[in-house]
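Enquirer: My structure is stored as my_file-v2.pdb, with PDB, C-alpha atoms.
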```
ATOM      1  CA  GLU A   1     -35.603   4.845 -13.822
ATOM      2  CA  ALA A   2     -35.135   8.166 -12.048
ATOM      3  CA  GLY A   3     -31.605   9.036 -10.993
ATOM      4  CA  VAL A   4     -30.304  10.575  -7.792
ATOM      5  CA  ALA A   5     -32.065  13.883  -7.201
ATOM      6  CA  GLN A   6     -30.439  16.781  -5.395
ATOM      7  CA  SER A   7     -31.474  20.297  -4.465
ATOM      8  CA  PRO A   8     -30.715  23.094  -4.579
ATOM      9  CA  ARG A   9     -28.417  23.034  -7.568
ATOM     10  CA  TYR A  10     -26.712  26.276  -6.658
ATOM     11  CA  LYS A  11     -26.350  28.202  -3.431
ATOM     12  CA  ILE A  12     -24.382  31.297  -2.501
ATOM     13  CA  ILE A  13     -24.101  32.197   1.184
ATOM     14  CA  GLU A  14     -21.953  34.357   3.372
ATOM     15  CA  LYS A  15     -19.475  32.825   5.776
ATOM     16  CA  ARG A  16     -20.930  31.881   9.138
ATOM     17  CA  GLN A  17     -24.365  31.344   7.592
ATOM     18  CA  SER A  18     -25.975  27.929   7.386
ATOM     19  CA  VAL A  19     -27.068  25.862   4.394
ATOM     20  CA  ALA A  20     -28.827  22.554   3.841
ATOM     21  CA  PHE A  21     -28.759  20.203   0.889
ATOM     22  CA  TRP A  22     -31.322  17.539   0.146
ATOM     23  CA  CYS A  23     -30.916  14.231  -1.641
ATOM     24  CA  ASN A  24     -33.325  11.585  -2.864
ATOM     25  CA  PRO A  25     -31.509   8.399  -3.919
ATOM     26  CA  ILE A  26     -32.472   5.948  -6.611
ATOM     27  CA  SER A  27     -35.493   3.962  -5.485
ATOM     28  CA  GLY A  28     -34.509   0.837  -3.562
ATOM     29  CA  HIS A  29     -30.892   1.807  -3.016
ATOM     30  CA  ALA A  30     -29.870   0.941   0.522
ATOM     31  CA  THR A  31     -26.621   2.867   0.655
ATOM     32  CA  LEU A  32     -26.377   6.639   0.372
ATOM     33  CA  TYR A  33     -23.225   8.742   0.228
ATOM     34  CA  TRP A  34     -22.351  12.411   0.463
ATOM     35  CA  TYR A  35     -19.152  13.444  -1.269
ATOM     36  CA  GLN A  36     -17.441  16.840  -1.298
ATOM     37  CA  GLN A  37     -15.653  17.891  -4.469
ATOM     38  CA  ILE A  38     -13.436  20.941  -4.285
ATOM     39  CA  LEU A  39     -12.581  22.560  -7.609
ATOM     40  CA  GLY A  40      -9.798  20.705  -9.391
ATOM     41  CA  GLN A  41      -9.926  17.677  -7.110
ATOM     42  CA  GLY A  42     -11.616  14.308  -7.021
ATOM     43  CA  PRO A  43     -14.647  13.750  -4.806
ATOM     44  CA  LYS A  44     -13.971  12.961  -1.158
ATOM     45  CA  LEU A  45     -16.385  10.946   0.965
ATOM     46  CA  LEU A  46     -17.994  12.865   3.810
ATOM     47  CA  ILE A  47     -20.503  10.337   5.101
ATOM     48  CA  GLN A  48     -21.981   6.974   4.131
ATOM     49  CA  PHE A  49     -25.338   5.585   5.268
ATOM     50  CA  GLN A  50     -26.761   2.128   5.002
ATOM     51  CA  ASN A  51     -30.507   2.489   5.306
ATOM     52  CA  ASN A  52     -30.742   5.066   8.121
ATOM     53  CA  GLY A  53     -27.557   4.085   9.964
ATOM     54  CA  VAL A  54     -24.146   5.726   9.576
ATOM     55  CA  VAL A  55     -21.439   3.411   8.188
ATOM     56  CA  ASP A  56     -18.574   5.872   7.814
ATOM     57  CA  ASP A  57     -18.377   9.528   8.836
ATOM     58  CA  SER A  58     -14.660   9.628   9.584
ATOM     59  CA  GLN A  59     -14.039  12.520   7.189
ATOM     60  CA  LEU A  60     -17.056  14.605   8.147
ATOM     61  CA  PRO A  61     -16.073  17.824   9.996
ATOM     62  CA  LYS A  62     -18.527  17.224  12.780
ATOM     63  CA  ASP A  63     -18.068  20.609  14.371
ATOM     64  CA  ARG A  64     -19.899  22.208  11.460
ATOM     65  CA  PHE A  65     -21.311  19.468   9.229
ATOM     66  CA  SER A  66     -24.208  17.182  10.045
ATOM     67  CA  ALA A  67     -26.220  14.713   8.012
ATOM     68  CA  GLU A  68     -29.223  12.545   8.540
ATOM     69  CA  ARG A  69     -31.173   9.981   6.606
ATOM     70  CA  LEU A  70     -34.602   9.653   8.076
ATOM     71  CA  LYS A  71     -36.600   6.511   7.269
ATOM     72  CA  GLY A  72     -33.705   5.204   5.199
ATOM     73  CA  VAL A  73     -34.626   7.152   2.073
ATOM     74  CA  ASP A  74     -34.026  10.904   1.692
ATOM     75  CA  SER A  75     -31.038  12.583   3.254
ATOM     76  CA  THR A  76     -30.096  16.095   4.311
ATOM     77  CA  LEU A  77     -26.586  17.499   4.672
ATOM     78  CA  LYS A  78     -26.224  20.670   6.728
ATOM     79  CA  ILE A  79     -23.339  23.062   7.178
ATOM     80  CA  GLN A  80     -23.426  25.476  10.088
ATOM     81  CA  PRO A  81     -21.562  27.796  10.260
ATOM     82  CA  ALA A  82     -20.080  27.799   6.771
ATOM     83  CA  LYS A  83     -16.463  28.708   6.082
ATOM     84  CA  LEU A  84     -14.868  29.943   2.875
ATOM     85  CA  GLU A  85     -13.134  26.581   2.402
ATOM     86  CA  ASP A  86     -16.522  24.834   2.273
ATOM     87  CA  SER A  87     -17.017  26.187  -1.238
ATOM     88  CA  ALA A  88     -17.380  23.022  -3.276
ATOM     89  CA  VAL A  89     -19.795  20.751  -5.072
ATOM     90  CA  TYR A  90     -21.666  18.420  -2.746
ATOM     91  CA  LEU A  91     -22.467  15.188  -4.520
ATOM     92  CA  CYS A  92     -25.029  12.727  -3.303
ATOM     93  CA  ALA A  93     -24.787   9.159  -4.509
ATOM     94  CA  SER A  94     -26.449   5.825  -3.912
ATOM     95  CA  SER A  95     -25.870   2.133  -4.509
ATOM     96  CA  LEU A  96     -28.149  -0.863  -4.536
ATOM     97  CA  VAL A  97     -26.861  -3.260  -1.939
ATOM     98  CA  GLY A  98     -25.745  -2.633   1.603
ATOM     99  CA  VAL A  99     -22.198  -3.034   2.827
ATOM    100  CA  LEU A 100     -22.660  -6.288   4.733
ATOM    101  CA  THR A 101     -21.715  -8.313   1.687
ATOM    102  CA  TYR A 102     -18.906  -6.793  -0.295
ATOM    103  CA  SER A 103     -19.634  -6.684  -3.987
ATOM    104  CA  GLY A 104     -18.133  -3.435  -5.208
ATOM    105  CA  ASN A 105     -21.497  -2.158  -6.337
ATOM    106  CA  THR A 106     -21.697   0.659  -8.805
ATOM    107  CA  ILE A 107     -22.335   3.983  -7.130
ATOM    108  CA  TYR A 108     -24.588   6.392  -9.001
ATOM    109  CA  PHE A 109     -24.246  10.122  -8.542
ATOM    110  CA  GLY A 110     -26.583  13.087  -8.704
ATOM    111  CA  GLU A 111     -25.780  16.345 -10.466
ATOM    112  CA  GLY A 112     -24.482  17.920  -7.277
ATOM    113  CA  SER A 113     -25.217  21.013  -5.264
ATOM    114  CA  TRP A 114     -22.754  23.817  -5.977
ATOM    115  CA  LEU A 115     -21.963  25.886  -2.884
ATOM    116  CA  THR A 116     -20.145  29.205  -2.913
ATOM    117  CA  VAL A 117     -19.271  30.776   0.437
ATOM    118  CA  VAL A 118     -18.366  34.466   0.236
TER     119      VAL A 118
ATOM    120  CA  ALA B 119      -4.413   2.607   2.497
ATOM    121  CA  GLN B 120      -6.074   2.990  -0.851
ATOM    122  CA  LYS B 121      -4.869   5.520  -3.382
ATOM    123  CA  VAL B 122      -5.537   6.393  -7.007
ATOM    124  CA  THR B 123      -3.135   8.441  -9.096
ATOM    125  CA  GLN B 124      -4.036  10.130 -12.353
ATOM    126  CA  ALA B 125      -0.808  11.771 -13.377
ATOM    127  CA  GLN B 126      -2.232  13.599 -16.385
ATOM    128  CA  THR B 127      -3.925  16.762 -15.191
ATOM    129  CA  GLU B 128      -5.026  18.011 -18.600
ATOM    130  CA  ILE B 129      -4.944  16.602 -22.112
ATOM    131  CA  SER B 130      -5.871  18.416 -25.288
ATOM    132  CA  VAL B 131      -6.388  16.623 -28.589
ATOM    133  CA  VAL B 132      -7.884  17.311 -31.971
ATOM    134  CA  GLU B 133     -11.055  15.535 -32.961
ATOM    135  CA  LYS B 134     -10.563  12.002 -34.324
ATOM    136  CA  GLU B 135      -7.317  11.502 -32.457
ATOM    137  CA  ASP B 136      -7.002   8.559 -30.082
ATOM    138  CA  VAL B 137      -6.295   9.424 -26.465
ATOM    139  CA  THR B 138      -5.321   7.328 -23.435
ATOM    140  CA  LEU B 139      -5.998   8.369 -19.862
ATOM    141  CA  ASP B 140      -3.736   6.776 -17.278
ATOM    142  CA  CYS B 141      -4.736   5.443 -13.874
ATOM    143  CA  VAL B 142      -2.496   3.815 -11.277
ATOM    144  CA  TYR B 143      -3.904   2.483  -8.029
ATOM    145  CA  GLU B 144      -2.598   1.257  -4.688
ATOM    146  CA  THR B 145      -4.245  -1.208  -2.344
ATOM    147  CA  ARG B 146      -3.283  -4.148  -0.169
ATOM    148  CA  ASP B 147      -6.666  -5.782  -0.617
ATOM    149  CA  THR B 148      -6.849  -8.694  -3.024
ATOM    150  CA  THR B 149     -10.513  -8.088  -3.768
ATOM    151  CA  TYR B 150     -11.351  -4.717  -5.209
ATOM    152  CA  TYR B 151     -13.179  -2.947  -8.019
ATOM    153  CA  LEU B 152     -12.031  -0.216 -10.335
ATOM    154  CA  PHE B 153     -14.247   2.368 -11.957
ATOM    155  CA  TRP B 154     -14.128   5.150 -14.479
ATOM    156  CA  TYR B 155     -16.511   8.090 -14.317
ATOM    157  CA  LYS B 156     -17.026  10.997 -16.698
ATOM    158  CA  GLN B 157     -17.863  14.452 -15.351
ATOM    159  CA  PRO B 158     -19.139  16.884 -17.999
ATOM    160  CA  PRO B 159     -19.435  20.595 -17.171
ATOM    161  CA  SER B 160     -22.920  20.022 -15.759
ATOM    162  CA  GLY B 161     -21.254  18.326 -12.798
ATOM    163  CA  GLU B 162     -22.891  14.918 -12.677
ATOM    164  CA  LEU B 163     -20.548  11.955 -12.431
ATOM    165  CA  VAL B 164     -21.527   9.518 -15.134
ATOM    166  CA  PHE B 165     -20.601   5.876 -14.606
ATOM    167  CA  LEU B 166     -18.605   4.361 -17.482
ATOM    168  CA  ILE B 167     -17.214   1.018 -16.346
ATOM    169  CA  ARG B 168     -16.694  -1.275 -13.363
ATOM    170  CA  ARG B 169     -13.991  -3.956 -13.294
ATOM    171  CA  ASN B 170     -13.196  -6.428 -10.523
ATOM    172  CA  SER B 171      -9.711  -7.446  -9.493
ATOM    173  CA  PHE B 172     -10.109 -11.011 -10.710
ATOM    174  CA  ASP B 173     -10.978 -10.099 -14.250
ATOM    175  CA  GLU B 174      -8.032  -8.816 -16.229
ATOM    176  CA  GLN B 175      -9.710  -9.131 -19.566
ATOM    177  CA  ASN B 176      -9.679  -5.901 -21.509
ATOM    178  CA  GLU B 177     -13.027  -4.425 -22.398
ATOM    179  CA  ILE B 178     -14.265  -2.495 -25.379
ATOM    180  CA  SER B 179     -17.474  -0.529 -25.588
ATOM    181  CA  GLY B 180     -17.867   1.353 -28.827
ATOM    182  CA  ARG B 181     -15.083   3.924 -29.005
ATOM    183  CA  TYR B 182     -14.082   3.262 -25.397
ATOM    184  CA  SER B 183     -11.659   0.598 -24.249
ATOM    185  CA  TRP B 184     -10.032  -0.241 -20.954
ATOM    186  CA  ASN B 185      -6.732  -1.968 -20.231
ATOM    187  CA  PHE B 186      -6.426  -3.502 -16.761
ATOM    188  CA  GLN B 187      -2.981  -4.764 -15.725
ATOM    189  CA  LYS B 188      -2.579  -6.023 -12.158
ATOM    190  CA  SER B 189       1.177  -6.415 -12.619
ATOM    191  CA  THR B 190       1.548  -2.653 -12.927
ATOM    192  CA  SER B 191      -1.553  -1.712 -10.886
ATOM    193  CA  SER B 192      -2.923   0.215 -13.806
ATOM    194  CA  PHE B 193      -6.364   0.632 -15.318
ATOM    195  CA  ASN B 194      -6.001   2.821 -18.386
ATOM    196  CA  PHE B 195      -8.821   4.209 -20.516
ATOM    197  CA  THR B 196      -8.573   4.810 -24.245
ATOM    198  CA  ILE B 197     -10.955   6.803 -26.398
ATOM    199  CA  THR B 198     -10.636   6.008 -30.097
ATOM    200  CA  ALA B 199     -11.487   8.643 -32.688
ATOM    201  CA  SER B 200     -12.263  11.262 -30.063
ATOM    202  CA  GLN B 201     -15.186  13.631 -30.477
ATOM    203  CA  VAL B 202     -15.928  17.077 -29.070
ATOM    204  CA  VAL B 203     -18.624  15.527 -26.848
ATOM    205  CA  ASP B 204     -15.906  13.535 -25.094
ATOM    206  CA  SER B 205     -14.620  16.745 -23.526
ATOM    207  CA  ALA B 206     -14.986  16.314 -19.779
ATOM    208  CA  VAL B 207     -13.093  15.468 -16.637
ATOM    209  CA  TYR B 208     -12.534  11.743 -16.254
ATOM    210  CA  PHE B 209     -12.056  10.124 -12.869
ATOM    211  CA  CYS B 210     -10.625   6.767 -12.015
ATOM    212  CA  ALA B 211     -11.823   5.327  -8.698
ATOM    213  CA  LEU B 212     -11.121   2.365  -6.438
ATOM    214  CA  ASN B 213     -13.484   0.432  -4.186
ATOM    215  CA  THR B 214     -11.903  -2.179  -1.930
ATOM    216  CA  GLN B 215     -13.247  -4.936   0.268
ATOM    217  CA  GLY B 216     -11.555  -3.326   3.238
ATOM    218  CA  GLY B 217     -12.938   0.067   2.368
ATOM    219  CA  SER B 218     -16.613  -0.534   3.198
ATOM    220  CA  GLU B 219     -17.849   0.011  -0.330
ATOM    221  CA  LYS B 220     -16.760   3.618  -0.579
ATOM    222  CA  LEU B 221     -14.994   4.988  -3.638
ATOM    223  CA  VAL B 222     -11.560   6.571  -3.493
ATOM    224  CA  PHE B 223     -11.034   8.876  -6.453
ATOM    225  CA  GLY B 224      -8.044  10.134  -8.335
ATOM    226  CA  LYS B 225      -7.750  13.855  -8.994
ATOM    227  CA  GLY B 226      -9.123  13.505 -12.490
ATOM    228  CA  THR B 227      -7.883  14.213 -15.994
ATOM    229  CA  LYS B 228      -9.448  17.059 -17.912
ATOM    230  CA  LEU B 229      -9.823  16.110 -21.560
ATOM    231  CA  THR B 230     -10.454  18.772 -24.171
ATOM    232  CA  VAL B 231     -11.258  17.651 -27.698
ATOM    233  CA  ASN B 232     -10.937  20.461 -30.197
ATOM    234  CA  PRO B 233     -12.796  20.467 -33.515
TER     235      PRO B 233
END
```
Just give me the structure of the file as structure tokens.

Expert:
Amino acid sequence: EAGVAQSPRYKIIEKRQSVAFWCNPISGHATLYWYQQILGQGPKLLIQFQNNGVVDDSQLPKDRFSAERLKGVDSTLKIQPAKLEDSAVYLCASSLVGVLTYSGNTIYFGEGSWLTVV
Amino acid sequence: AQKVTQAQTEISVVEKEDVTLDCVYETRDTTYYLFWYKQPPSGELVFLIRRNSFDEQNEISGRYSWNFQKSTSSFNFTITASQVVDSAVYFCALNTQGGSEKLVFGKGTKLTVNP
């Protein structure tokens, strides 16, 4: 079974430029997550989708970050304009069942998209 | 609020030594799940184990074992006879019923196994 796919793997941009990351979750997984992992820290949730609806985006800096999940499958995370502090690994993840019935489902992660803002 | 604390920032051992990674969690929910993930240098978070709050039985999987103690809110991870390939950052994470299925991570413990 294919895992969570992400692209690009690496991106270097200048501050104030824009960047977009793409994610394809595991087939059939209803819930998709974007996490931000700053060097030396644990991942922090940015946004959570169930199918194509947003469940939680409370920690997404909405003035510069946006995300969408069209048709409830692939997702794109965009940063515009980027700041130096956005340098991090952006991890996409997915889980099988939606959040309506709590079951603590295992969340599977992709390899991440490494962003450096200079 | 949910919180996970991994007090050990870095651990260095020699191959074949046993090593225990500590994890302490905080939550007011009675239903929750605990996880351990491994993050090698490539960056992917690899799922290791999932444990629910009603199952305090310890688990062993090969050289890996986990000790879950609700009384001390701890979920510790032991690697027996460590190998160089075990070198990675290990994260403990918490998923609670009141947390809409999202994971809250600790800061991670970097394990280096030297030959």

Enquirer: What's around Ser58 of chain A at 10 Å? Count all atoms listed in the file, leave out sequence neighbours fewer than 3 positions away in its own chain, and write the answer as a PyMOL selection string.

Expert: chain A and resi 45-48+55+61-62

Enquirer: Within 10 Å of chain B, which residues of chain A show up? Give each one with its shortest atom-to-atom distance in Å (one decimal) and the two atoms involved, counting all atoms listed in the file, rows by chain then rising residue number, as a tab-separated table.

Expert:
```
residue	atom	partner	partner_atom	distance
A:Val4	CA	B:Glu162	CA	9.9
A:Thr31	CA	B:Glu219	CA	9.3
A:Tyr33	CA	B:Lys220	CA	8.3
A:Tyr35	CA	B:Leu221	CA	9.7
A:Gln37	CA	B:Lys225	CA	10.0
A:Gly40	CA	B:Lys225	CA	7.2
A:Gln41	CA	B:Lys225	CA	4.8
A:Gly42	CA	B:Lys225	CA	4.4
A:Pro43	CA	B:Phe223	CA	6.3
A:Lys44	CA	B:Val222	CA	7.2
A:Leu45	CA	B:Lys220	CA	7.5
A:Ile47	CA	B:Lys220	CA	9.6
A:Gln48	CA	B:Lys220	CA	7.8
A:Val55	CA	B:Ser218	CA	8.0
A:Asp56	CA	B:Ser218	CA	8.1
A:Val89	CA	B:Gly161	CA	8.2
A:Leu91	CA	B:Glu162	CA	8.2
A:Cys92	CA	B:Glu162	CA	9.9
A:Ala93	CA	B:Leu163	CA	9.4
A:Ser95	CA	B:Glu219	CA	9.3
A:Val97	CA	B:Glu219	CA	9.7
A:Gly98	CA	B:Glu219	CA	8.5
A:Val99	CA	B:Ser218	CA	6.1
A:Leu100	CA	B:Ser218	CA	8.5
A:Thr101	CA	B:Gln215	CA	9.2
A:Tyr102	CA	B:Gln215	CA	6.0
A:Ser103	CA	B:Glu219	CA	7.8
A:Gly104	CA	B:Tyr151	CA	5.7
A:Asn105	CA	B:Glu219	CA	7.4
A:Thr106	CA	B:Arg168	CA	7.0
A:Ile107	CA	B:Phe165	CA	7.9
A:Tyr108	CA	B:Phe165	CA	6.9
A:Phe109	CA	B:Leu163	CA	5.7
A:Gly110	CA	B:Glu162	CA	5.7
A:Glu111	CA	B:Glu162	CA	3.9
A:Gly112	CA	B:Glu162	CA	6.4
A:Ser113	CA	B:Gly161	CA	8.9
A:Trp114	CA	B:Gly161	CA	8.9
```

Enquirer: Could you state the separation of atom CA of Ile79 of chain A and atom CA of Asn52 of chain A in Å, given to one decimal place?

Expert: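 Interatomic distance, atom CA of Ile79 of chain A to atom CA of Asn52 of chain A: 19.5 Å.
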
Enquirer: Measuring atom to atom with all atoms listed in the file, identify which of B:Phe172, B:Arg181, B:Thr148, B:Asp140 is nearest to Glu128 of chain B.

Expert: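 Of B:Phe172, B:Arg181, B:Thr148, B:Asp140, the one nearest Glu128 of chain B, counting all atoms listed in the file, is B:Asp140.
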
Enquirer: How would you write, as number ranges by chain, the residues chosen by the PyMOL selection byres ((chain B and resi 143) around 8) on this structure?

Expert: B: 120-123, 141-142, 144-145, 191-193, 212

Enquirer: Ser7 of chain A: which residues within 7 Å, counting only C-alpha atoms, same-chain residues fewer than 5 positions away excluded, as a ChimeraX atom specification?

Expert: /A:21-23,113

Enquirer: Tell me, in Å to one decimal, how far atom CA of Gly28 of chain A is from atom CA of Lys156 of chain B.

Expert: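 Atom CA of Lys156 of chain B lies 24.1 Å from atom CA of Gly28 of chain A.
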
Enquirer: Can you work out which one of B:Val231, B:Ile129, B:Ile178, B:Leu139 has the shortest atom-to-atom distance to Ser205 of chain B, counting only C-alpha atoms?

Expert: B:Val231

Enquirer: Mind listing whatever residues come within 9 Å of the point (-10.7, 2.9, -33.4)? Use all atoms listed in the file, file coordinates, and give them as a VMD selection string.

Expert: chain B and resid 136 180 to 182 197 to 199

Enquirer: For those residues, write C-alpha atoms to a file as a tab-separated table (two decimals), in the coordinates of the input.

Expert:
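Saved as again18.tsv:
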```tsv
chain	number	residue	atom	x	y	z
B	136	ASP	CA	-7.00	8.56	-30.08
B	180	GLY	CA	-17.87	1.35	-28.83
B	181	ARG	CA	-15.08	3.92	-29.00
B	182	TYR	CA	-14.08	3.26	-25.40
B	197	ILE	CA	-10.96	6.80	-26.40
B	198	THR	CA	-10.64	6.01	-30.10
B	199	ALA	CA	-11.49	8.64	-32.69
```

Enquirer: List every protein, DNA or RNA residue with an atom no more than 10 Å from (-29.1, 16.2, 10.7) in the file's coordinates, counting all atoms listed in the file, and format the result as a list in words.

Expert: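 Final list of nearby residues, as requested, is Ala20, Phe65, Ser66, Ala67, Glu68, Arg69, Leu70, Ser75, Thr76, Leu77, Lys78 and Ile79 of chain A.
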
Enquirer: Any idea what's packed within 8 Å of segment 186-189 of chain B, counting all atoms listed in the file, ignoring anything in its chain fewer than 5 positions away? Could you give it as a ChimeraX atom specification?

Expert: /B:171,174-176,194

Enquirer: Measure the distance from atom CA of Trp34 of chain A to atom CA of Asp63 of chain A in Å and round it to one decimal.

Expert: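 Rounded to one decimal, the two atoms are 16.7 Å apart.
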
Enquirer: Here is a test: counting only C-alpha atoms, which residue of A:Ile26, A:Ile38, A:Val73, A:Val54 is nearest to Leu115 of chain A?

Expert: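 The closest residue to Leu115 of chain A is A:Ile38.
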